[in-house]
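Working notes for the structure below.
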Amino acid sequence: MSDLRVPFAHVDAENGRLLAAFATPLAQGLASGRFIGGDDVTEFETRFARLHGAAHAVAVGSGTDALKLTIRALGLDRRGTGITVANTFLATVGAMVTEGVRPVLVDVRGDENIDVTAVEKAITPETTMVVAVHLRGLPAAVHALRELCAARGLTLIEDCAQAVLAAVGGVPVGTFGAAGCFSLHPLKNLGACGDAGVVVTDDPDLAAEIRLLRSHGLRDRDTAVRWGENSRLDALQARLLNLKLDHIEEWTRRRRDLARLYDEELSGLPLTTPAGDDGHVYHRYVIRVANRDALRARLRTAGIETAVHYPVPVHRQPAALDGSVDVAGGALPVTEQQAEEILSLPLHPLLGEDQIRYVVRRIEESL
Ligand SMILES: Cc1ncc(COP(=O)(O)O)c(C=O)c1O
């Protein structure tokens with residue numbers, strides 16, 4: 001929006017900066033006449049797997065499909081119930097419901113990620129899986145979850161949609177469980193120019209099964225061994241993503257530096273800043289503050305665009321009111337309280353330090 005002094009995201013400008021680099025590969029891609037599969041997709045998968053220390057990466061049509069196809073590929077026998085959070089984007093839970101897993105939603109901790117103690121309490125004989133969301137790019141407690149899942153015979157899936165390059169003790173997310181499901185939606189840290197997603201895993205059988213499912217269950221051109229989907233990464237998207245992969249580490253460093261500046265500038269104000277963590281990639285910089293909506297309105301007047309991720313927890317969505325999801329213990333007080341207070345401030349690699357200081361001064365004046 002042109003009247004904004006501080007836009008929330010700047011995907012247009014980010015892509016604009018790469019236009020010169022995009023031009024030749026795009027023209028060559030168009031001229032090749034090859035738009036599905038091929039070397040560009042393979043190159044992307046190889047590089048993405050390496051970046052996350054995974055043996056395999058399988059590119060698919062979206063982050064939602066990454067979750068759905070992973071669940072389907074893992075759960076060919078018994079789907080049962082799956083434990084996850086309600087403060088995530090709808091797709092985490094929607095993928096379970098549409099794949100025949102009944103979601104059981106548990107509460108979160110002060111850092112807005114899944115509460116492992118609540119997970120433990122929610123396990124029943126029906127539980128088959130836990131889906132840990134690395135919300136906003138902050139890694140969830142994957143070591144504790146991995147231990148718990150191993151002890152109870154459950155499958156751990158990581159929803160890494162917001163967490164490209166997030167890490168725990170220097171180890172990138174995605175392979176702490178059976179698979180890591182990433183979104184490459186245009187607004188994500190590594191964004192395609194359209195919908196795209198990718199699954200990483202160390203399990204060759206799981207990778208092979210997802211490869212089958214993403215392309216009609218075809219083992220070869222004419223032999224379908226499963227009923228599958230059409231959920232593939234386009235070759236042109238892969239070309240663009242390969243170019244962006246050259247920058248993702250630098251962009252991630254920039255996000256972390258800017259987040260640190262926010263932390264410093266906001267300290268002492270009556271609000272909560274995000275949990276500090278070296279492995280956080282700050283897909284979003286989310287503060288918690290009383291009277292959030294009034295602050296948001298004042299920032300808007302000052303030309304600062306903010307957002308709320310997410311104002312309505314999943315169990316409060318109309319789609320969930322038909323009894324398709326369970327709420328562990330009947331209530332999610334921390335999730336509900338945080339939904340009233342969370343506010344996502346502008347953060348993207350092109351944001352300037354002066355813009356951050358401007359945002360913080362306007363917040364200071366408004367509180
Ligand atoms: C936590 C989470 N899970 C899943 C998804 C779904 O990804 P996509 O929009 O690529 O389908 C998203 C992104 O929108 C997300 O933020």
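In the structure tokens, each chain is lettered A, B, ... as it comes, each chain's residues begin at 1, and ligands are numbered from 1 in order of appearance.
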Which residues form the shell of 7 Å around ligand 1 when you count only C-alpha atoms and all ligand atoms, given as a PDB file with N, CA and C atoms, in the first residue's frame?
```pdb
ATOM      1  N   SER A  62       1.944 -27.351  -2.138  1.00  0.00           N
ATOM      2  CA  SER A  62       1.727 -26.338  -1.085  1.00  0.00           C
ATOM      3  C   SER A  62       2.163 -26.926   0.252  1.00  0.00           C
ATOM      4  N   GLY A  63       2.219 -26.063   1.270  1.00  0.00           N
ATOM      5  CA  GLY A  63       2.508 -26.549   2.619  1.00  0.00           C
ATOM      6  C   GLY A  63       1.383 -27.434   3.123  1.00  0.00           C
ATOM      7  N   THR A  64       0.175 -27.105   2.752  1.00  0.00           N
ATOM      8  CA  THR A  64      -0.973 -27.929   3.152  1.00  0.00           C
ATOM      9  C   THR A  64      -0.833 -29.330   2.573  1.00  0.00           C
ATOM     10  N   ASP A  65      -0.478 -29.409   1.297  1.00  0.00           N
ATOM     11  CA  ASP A  65      -0.281 -30.724   0.677  1.00  0.00           C
ATOM     12  C   ASP A  65       0.899 -31.457   1.307  1.00  0.00           C
ATOM     13  N   THR A  88      -2.318 -22.220  15.579  1.00  0.00           N
ATOM     14  CA  THR A  88      -1.617 -22.320  14.318  1.00  0.00           C
ATOM     15  C   THR A  88      -2.499 -21.854  13.159  1.00  0.00           C
ATOM     16  N   PHE A  89      -1.896 -21.807  11.962  1.00  0.00           N
ATOM     17  CA  PHE A  89      -2.718 -21.574  10.774  1.00  0.00           C
ATOM     18  C   PHE A  89      -3.613 -22.805  10.569  1.00  0.00           C
ATOM     19  N   ALA A  91      -4.340 -24.774   8.362  1.00  0.00           N
ATOM     20  CA  ALA A  91      -3.954 -25.940   7.568  1.00  0.00           C
ATOM     21  C   ALA A  91      -3.393 -27.077   8.404  1.00  0.00           C
ATOM     22  N   THR A  92      -2.755 -26.759   9.536  1.00  0.00           N
ATOM     23  CA  THR A  92      -2.189 -27.822  10.377  1.00  0.00           C
ATOM     24  C   THR A  92      -3.308 -28.787  10.782  1.00  0.00           C
ATOM     25  N   VAL A 133       4.192 -27.588  15.717  1.00  0.00           N
ATOM     26  CA  VAL A 133       4.300 -26.420  14.831  1.00  0.00           C
ATOM     27  C   VAL A 133       5.416 -25.518  15.364  1.00  0.00           C
ATOM     28  N   LEU A 135       5.938 -22.365  15.450  1.00  0.00           N
ATOM     29  CA  LEU A 135       5.149 -21.171  15.137  1.00  0.00           C
ATOM     30  C   LEU A 135       6.020 -19.923  15.044  1.00  0.00           C
ATOM     31  N   ASP A 159       5.453 -29.381  11.644  1.00  0.00           N
ATOM     32  CA  ASP A 159       4.905 -28.387  10.725  1.00  0.00           C
ATOM     33  C   ASP A 159       5.919 -27.234  10.697  1.00  0.00           C
ATOM     34  N   CYS A 160       6.745 -27.255   9.653  1.00  0.00           N
ATOM     35  CA  CYS A 160       7.845 -26.274   9.516  1.00  0.00           C
ATOM     36  C   CYS A 160       7.449 -25.162   8.546  1.00  0.00           C
ATOM     37  N   ALA A 161       6.145 -24.980   8.337  1.00  0.00           N
ATOM     38  CA  ALA A 161       5.686 -24.026   7.321  1.00  0.00           C
ATOM     39  C   ALA A 161       6.293 -22.640   7.515  1.00  0.00           C
ATOM     40  N   GLN A 162       6.504 -22.267   8.798  1.00  0.00           N
ATOM     41  CA  GLN A 162       6.993 -20.916   9.081  1.00  0.00           C
ATOM     42  C   GLN A 162       8.468 -20.946   9.479  1.00  0.00           C
ATOM     43  N   SER A 183       6.059 -24.825   3.995  1.00  0.00           N
ATOM     44  CA  SER A 183       5.304 -24.049   3.006  1.00  0.00           C
ATOM     45  C   SER A 183       6.275 -23.098   2.298  1.00  0.00           C
ATOM     46  N   LEU A 184       6.084 -22.949   1.003  1.00  0.00           N
ATOM     47  CA  LEU A 184       6.863 -21.964   0.233  1.00  0.00           C
ATOM     48  C   LEU A 184       5.903 -20.928  -0.352  1.00  0.00           C
ATOM     49  N   HIS A 185       4.816 -20.698   0.362  1.00  0.00           N
ATOM     50  CA  HIS A 185       3.838 -19.659   0.010  1.00  0.00           C
ATOM     51  C   HIS A 185       4.585 -18.330  -0.156  1.00  0.00           C
ATOM     52  N   ASP A 195       1.710 -20.882  -5.029  1.00  0.00           N
ATOM     53  CA  ASP A 195       1.717 -21.902  -3.979  1.00  0.00           C
ATOM     54  C   ASP A 195       2.802 -22.932  -4.238  1.00  0.00           C
ATOM     55  N   ALA A 196       3.430 -23.377  -3.164  1.00  0.00           N
ATOM     56  CA  ALA A 196       4.433 -24.439  -3.263  1.00  0.00           C
ATOM     57  C   ALA A 196       4.747 -24.935  -1.854  1.00  0.00           C
ATOM     58  N   GLY A 197       5.245 -26.148  -1.769  1.00  0.00           N
ATOM     59  CA  GLY A 197       5.625 -26.709  -0.463  1.00  0.00           C
ATOM     60  C   GLY A 197       6.647 -27.801  -0.654  1.00  0.00           C
TER      61      GLY A 197
END
```
Next item on the list: Any chance you could list, as number ranges by chain, the residues in range 121-355 of chain A that come up alpha helix (DSSP H) when DSSP is run on the backbone?
Entry: A: 121-122, 142-152, 204-214, 235-245, 248-266, 292-301, 333-341, 353-355
Margin query: What parts of range 251-338 of chain A does DSSP call strand (DSSP E or B)? I'd like the answer as a list in words.
Written below: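 Here are the strand (DSSP E or B) residues of range 251-338 of chain A: Thr272, Tyr285, Val286, Ile287, Arg288, Ile304, Ala307, Asp326 and Val327 of chain A.
With distances restricted to only C-alpha atoms, A:Ala235 is the closest residue to Phe35 in chain A from A:Ala235, A:Leu165, A:Ala118, A:Ala320.
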What lies within 9 Å of Asp278 in chain A using only C-alpha atoms, ignoring chain neighbours under 6 positions off, as a tab-separated table (two decimals) with C-alpha atoms, in the first residue's frame?
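Result file is result-v5.tsv:
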```tsv
chain	number	residue	atom	x	y	z
A	166	ALA	CA	15.05	-22.60	12.09
A	167	ALA	CA	17.31	-24.77	14.23
A	168	VAL	CA	17.64	-26.39	17.63
A	169	GLY	CA	21.20	-26.43	18.94
A	170	GLY	CA	22.39	-25.70	15.42
A	256	ARG	CA	17.48	-12.10	13.17
```
Checklist line | Closest of A:Thr70, A:Thr201, A:Asn189, A:Thr24 to His56 in chain A - atom-to-atom distances counting only C-alpha atoms | finding: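 Distance minimum relative to His56 in chain A lands on A:Thr201.
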Note to self: Considering only C-alpha atoms, can you say which of A:Val325, A:Leu154, A:Thr223, A:Leu240 comes closest to Gly29 in chain A?
What the structure shows: A:Leu240
Margin query: For Thr84 in chain A, find every residue with an atom within 9 Å (counting only C-alpha atoms), except residues of its own chain fewer than 4 positions away, and show them as a list in words.
Written below: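 The residues that qualify are Thr88, Thr92, Val93, Pro103, Val104, Leu105, Val106, Asp107, Ile114, Val119, Met129, Val130, Val131, Ala132 and Val133 of chain A.
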Please save N, CA and C atoms of the selected residues as a compact mmCIF listing (two decimals), in the first residue's frame.
```txt
# COMPACT_ATOMS: atom_id res chain seq x y z
N THR A 88 -2.32 -22.22 15.58
CA THR A 88 -1.62 -22.32 14.32
C THR A 88 -2.50 -21.85 13.16
N THR A 92 -2.76 -26.76 9.54
CA THR A 92 -2.19 -27.82 10.38
C THR A 92 -3.31 -28.79 10.78
N VAL A 93 -4.41 -28.19 11.21
CA VAL A 93 -5.53 -28.98 11.71
C VAL A 93 -6.37 -29.50 10.53
N PRO A 103 -8.29 -34.36 15.18
CA PRO A 103 -7.36 -33.51 15.94
C PRO A 103 -7.78 -33.36 17.40
N VAL A 104 -6.79 -33.44 18.27
CA VAL A 104 -6.97 -33.13 19.69
C VAL A 104 -6.07 -31.93 19.95
N LEU A 105 -6.68 -30.80 20.29
CA LEU A 105 -5.91 -29.55 20.41
C LEU A 105 -5.51 -29.32 21.86
N VAL A 106 -4.23 -29.03 22.05
CA VAL A 106 -3.72 -28.79 23.41
C VAL A 106 -3.24 -27.34 23.53
N ASP A 107 -3.02 -26.95 24.75
CA ASP A 107 -2.63 -25.55 25.02
C ASP A 107 -1.14 -25.33 24.74
N ILE A 114 3.81 -25.40 21.46
CA ILE A 114 3.09 -26.51 22.10
C ILE A 114 3.65 -26.85 23.49
N VAL A 119 0.63 -32.23 26.02
CA VAL A 119 0.61 -33.32 25.04
C VAL A 119 0.57 -34.65 25.77
N MET A 129 -0.39 -39.73 16.36
CA MET A 129 0.64 -38.76 15.94
C MET A 129 0.57 -37.46 16.74
N VAL A 130 1.71 -36.76 16.76
CA VAL A 130 1.78 -35.40 17.31
C VAL A 130 2.32 -34.52 16.20
N VAL A 131 1.66 -33.39 15.97
CA VAL A 131 2.17 -32.45 14.97
C VAL A 131 2.67 -31.21 15.72
N ALA A 132 3.99 -31.02 15.71
CA ALA A 132 4.60 -29.87 16.39
C ALA A 132 4.74 -28.74 15.39
N VAL A 133 4.19 -27.59 15.72
CA VAL A 133 4.30 -26.42 14.83
C VAL A 133 5.42 -25.52 15.36
```
Check: Of the residues A:Thr273, A:Thr175, A:Asn87, A:Ser324, which is the one nearest to Gln337 in chain A, using only C-alpha atoms?
Finding: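 That would be A:Asn87, the residue with the smallest distance to Gln337 in chain A.
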Check: So, counting only C-alpha atoms, which residue among A:Gly153, A:Gly53, A:Gly330, A:Gly228 is closest to Pro172 in chain A?
Finding: A:Gly53
Notebook entry, point to check: Hey, can you check how far CA of Ala259 in chain A sits from CA of Leu241 in chain A?
Noted result: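 Going from CA of Ala259 in chain A over to CA of Leu241 in chain A covers 24.5 Å.
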Check: Out of A:Val360, A:Ile287, A:Leu350, A:Cys193, which residue has the shortest atom-to-atom distance to Ala307 in chain A when counting only C-alpha atoms?
Finding: A:Ile287
Margin query: Set the distance at 8 Å and use only C-alpha atoms: which residues neighbour range 10-13 of chain A once local chain neighbours fewer than 6 positions away are removed? I'd like the list as an MDAnalysis selection string.
Written below: chainID A and resid 186:187 348 350
Could you take the residues named above and write them with N, CA, C and O atoms, as a short mmCIF file (atom, residue, chain, number, x, y, z; two decimals), in the first residue's frame?
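See again_6.cif below for the written result:
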```cif
data_model
loop_
_atom_site.label_atom_id
_atom_site.label_comp_id
_atom_site.auth_asym_id
_atom_site.auth_seq_id
_atom_site.Cartn_x
_atom_site.Cartn_y
_atom_site.Cartn_z
N PRO A 186 4.12 -17.45 -1.05
CA PRO A 186 4.87 -16.21 -1.31
C PRO A 186 5.22 -15.40 -0.06
O PRO A 186 6.23 -14.69 -0.06
N LEU A 187 4.43 -15.49 1.00
CA LEU A 187 4.72 -14.69 2.20
C LEU A 187 5.64 -15.39 3.19
O LEU A 187 5.95 -14.83 4.24
N HIS A 348 10.72 -7.86 7.61
CA HIS A 348 11.11 -8.50 6.36
C HIS A 348 12.52 -8.02 6.05
O HIS A 348 12.97 -6.99 6.58
N LEU A 350 13.95 -6.40 3.84
CA LEU A 350 14.21 -5.05 3.29
C LEU A 350 13.88 -3.93 4.28
O LEU A 350 14.06 -2.76 3.97
#
```
Margin query: Just the number, please: distance in Å from CA of Glu340 in chain A to CA of Pro318 in chain A, one decimal.
Written below: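 Atom-to-atom, CA of Glu340 in chain A to CA of Pro318 in chain A, that is 18.2 Å.
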Item checked: d(CA of Asn113 in chain A, CA of Arg72 in chain A) in Å ->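 Those two atoms sit 24.8 Å apart.
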Notebook entry, point to check: Excluding same-chain residues fewer than 2 positions from Arg300 in chain A, what lies within 12 Å of it counting only C-alpha atoms, as a PyMOL selection string?
Noted result: chain A and resi 1+3-8+293-298+302-307+345-346+359+362-363+366
Next, write the just-selected residues to a file, as a PDB file, in the first residue's frame, keeping N, CA and C atoms as the atom set.
```pdb
ATOM      1  N   MET A   1       0.848  -1.202   0.000  1.00  0.00           N
ATOM      2  CA  MET A   1       0.000   0.000   0.000  1.00  0.00           C
ATOM      3  C   MET A   1       0.878   1.245   0.000  1.00  0.00           C
ATOM      4  N   ASP A   3       0.449   4.345   0.744  1.00  0.00           N
ATOM      5  CA  ASP A   3       0.398   5.369   1.786  1.00  0.00           C
ATOM      6  C   ASP A   3       1.104   4.909   3.069  1.00  0.00           C
ATOM      7  N   LEU A   4       1.561   3.651   3.065  1.00  0.00           N
ATOM      8  CA  LEU A   4       2.175   3.152   4.285  1.00  0.00           C
ATOM      9  C   LEU A   4       3.646   3.528   4.348  1.00  0.00           C
ATOM     10  N   ARG A   5       4.073   3.978   5.517  1.00  0.00           N
ATOM     11  CA  ARG A   5       5.487   4.259   5.684  1.00  0.00           C
ATOM     12  C   ARG A   5       6.243   2.977   6.045  1.00  0.00           C
ATOM     13  N   VAL A   6       5.521   2.067   6.718  1.00  0.00           N
ATOM     14  CA  VAL A   6       6.159   0.795   7.074  1.00  0.00           C
ATOM     15  C   VAL A   6       5.214  -0.347   6.682  1.00  0.00           C
ATOM     16  N   PRO A   7       5.408  -0.916   5.497  1.00  0.00           N
ATOM     17  CA  PRO A   7       4.546  -2.025   5.101  1.00  0.00           C
ATOM     18  C   PRO A   7       4.869  -3.271   5.911  1.00  0.00           C
ATOM     19  N   PHE A   8       3.857  -4.106   6.100  1.00  0.00           N
ATOM     20  CA  PHE A   8       4.035  -5.305   6.917  1.00  0.00           C
ATOM     21  C   PHE A   8       5.001  -6.289   6.262  1.00  0.00           C
ATOM     22  N   ASP A 293      -5.971  -4.048  20.027  1.00  0.00           N
ATOM     23  CA  ASP A 293      -6.655  -3.484  18.859  1.00  0.00           C
ATOM     24  C   ASP A 293      -6.530  -1.954  18.815  1.00  0.00           C
ATOM     25  N   ALA A 294      -6.517  -1.333  19.998  1.00  0.00           N
ATOM     26  CA  ALA A 294      -6.367   0.135  20.043  1.00  0.00           C
ATOM     27  C   ALA A 294      -4.960   0.523  19.557  1.00  0.00           C
ATOM     28  N   LEU A 295      -3.963  -0.229  19.993  1.00  0.00           N
ATOM     29  CA  LEU A 295      -2.591   0.049  19.545  1.00  0.00           C
ATOM     30  C   LEU A 295      -2.499  -0.133  18.036  1.00  0.00           C
ATOM     31  N   ARG A 296      -3.120  -1.185  17.554  1.00  0.00           N
ATOM     32  CA  ARG A 296      -3.060  -1.476  16.120  1.00  0.00           C
ATOM     33  C   ARG A 296      -3.652  -0.317  15.300  1.00  0.00           C
ATOM     34  N   ALA A 297      -4.757   0.198  15.804  1.00  0.00           N
ATOM     35  CA  ALA A 297      -5.423   1.301  15.095  1.00  0.00           C
ATOM     36  C   ALA A 297      -4.526   2.539  15.088  1.00  0.00           C
ATOM     37  N   ARG A 298      -3.872   2.799  16.216  1.00  0.00           N
ATOM     38  CA  ARG A 298      -3.001   3.989  16.277  1.00  0.00           C
ATOM     39  C   ARG A 298      -1.797   3.827  15.350  1.00  0.00           C
ATOM     40  N   ALA A 302      -0.431   5.969  11.922  1.00  0.00           N
ATOM     41  CA  ALA A 302       0.949   6.442  11.713  1.00  0.00           C
ATOM     42  C   ALA A 302       1.589   5.793  10.485  1.00  0.00           C
ATOM     43  N   GLY A 303       0.788   5.091   9.692  1.00  0.00           N
ATOM     44  CA  GLY A 303       1.318   4.501   8.463  1.00  0.00           C
ATOM     45  C   GLY A 303       2.049   3.189   8.671  1.00  0.00           C
ATOM     46  N   ILE A 304       1.736   2.522   9.778  1.00  0.00           N
ATOM     47  CA  ILE A 304       2.432   1.251  10.082  1.00  0.00           C
ATOM     48  C   ILE A 304       1.421   0.111   9.976  1.00  0.00           C
ATOM     49  N   GLU A 305       1.748  -0.814   9.086  1.00  0.00           N
ATOM     50  CA  GLU A 305       0.844  -1.946   8.862  1.00  0.00           C
ATOM     51  C   GLU A 305       1.234  -3.099   9.789  1.00  0.00           C
ATOM     52  N   THR A 306       0.266  -3.613  10.518  1.00  0.00           N
ATOM     53  CA  THR A 306       0.512  -4.759  11.402  1.00  0.00           C
ATOM     54  C   THR A 306      -0.487  -5.862  11.045  1.00  0.00           C
ATOM     55  N   ALA A 307      -0.367  -7.002  11.706  1.00  0.00           N
ATOM     56  CA  ALA A 307      -1.300  -8.102  11.442  1.00  0.00           C
ATOM     57  C   ALA A 307      -1.470  -8.915  12.721  1.00  0.00           C
ATOM     58  N   LEU A 345       4.404  -7.382  14.210  1.00  0.00           N
ATOM     59  CA  LEU A 345       4.963  -6.109  13.725  1.00  0.00           C
ATOM     60  C   LEU A 345       5.641  -6.331  12.372  1.00  0.00           C
ATOM     61  N   PRO A 346       5.817  -5.278  11.577  1.00  0.00           N
ATOM     62  CA  PRO A 346       6.490  -5.449  10.283  1.00  0.00           C
ATOM     63  C   PRO A 346       7.878  -6.056  10.474  1.00  0.00           C
ATOM     64  N   VAL A 359       8.692   2.551  14.190  1.00  0.00           N
ATOM     65  CA  VAL A 359       7.596   1.719  14.712  1.00  0.00           C
ATOM     66  C   VAL A 359       7.622   1.736  16.243  1.00  0.00           C
ATOM     67  N   ARG A 362       6.435   4.984  17.793  1.00  0.00           N
ATOM     68  CA  ARG A 362       4.977   5.134  17.715  1.00  0.00           C
ATOM     69  C   ARG A 362       4.295   4.227  18.745  1.00  0.00           C
ATOM     70  N   ILE A 363       4.870   3.035  18.979  1.00  0.00           N
ATOM     71  CA  ILE A 363       4.299   2.145  20.002  1.00  0.00           C
ATOM     72  C   ILE A 363       4.430   2.812  21.362  1.00  0.00           C
ATOM     73  N   SER A 366       1.982   5.359  22.054  1.00  0.00           N
ATOM     74  CA  SER A 366       0.596   4.890  22.082  1.00  0.00           C
ATOM     75  C   SER A 366       0.241   4.128  23.334  1.00  0.00           C
TER      76      SER A 366
END
```
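The residue set within 9 Å of Gln237 in chain A, counting only C-alpha atoms and dropping same-chain residues fewer than 5 places from it, reads Asp40, Val41, Ala192, Cys193, Gly194, Ala196 and Asn242 of chain A.
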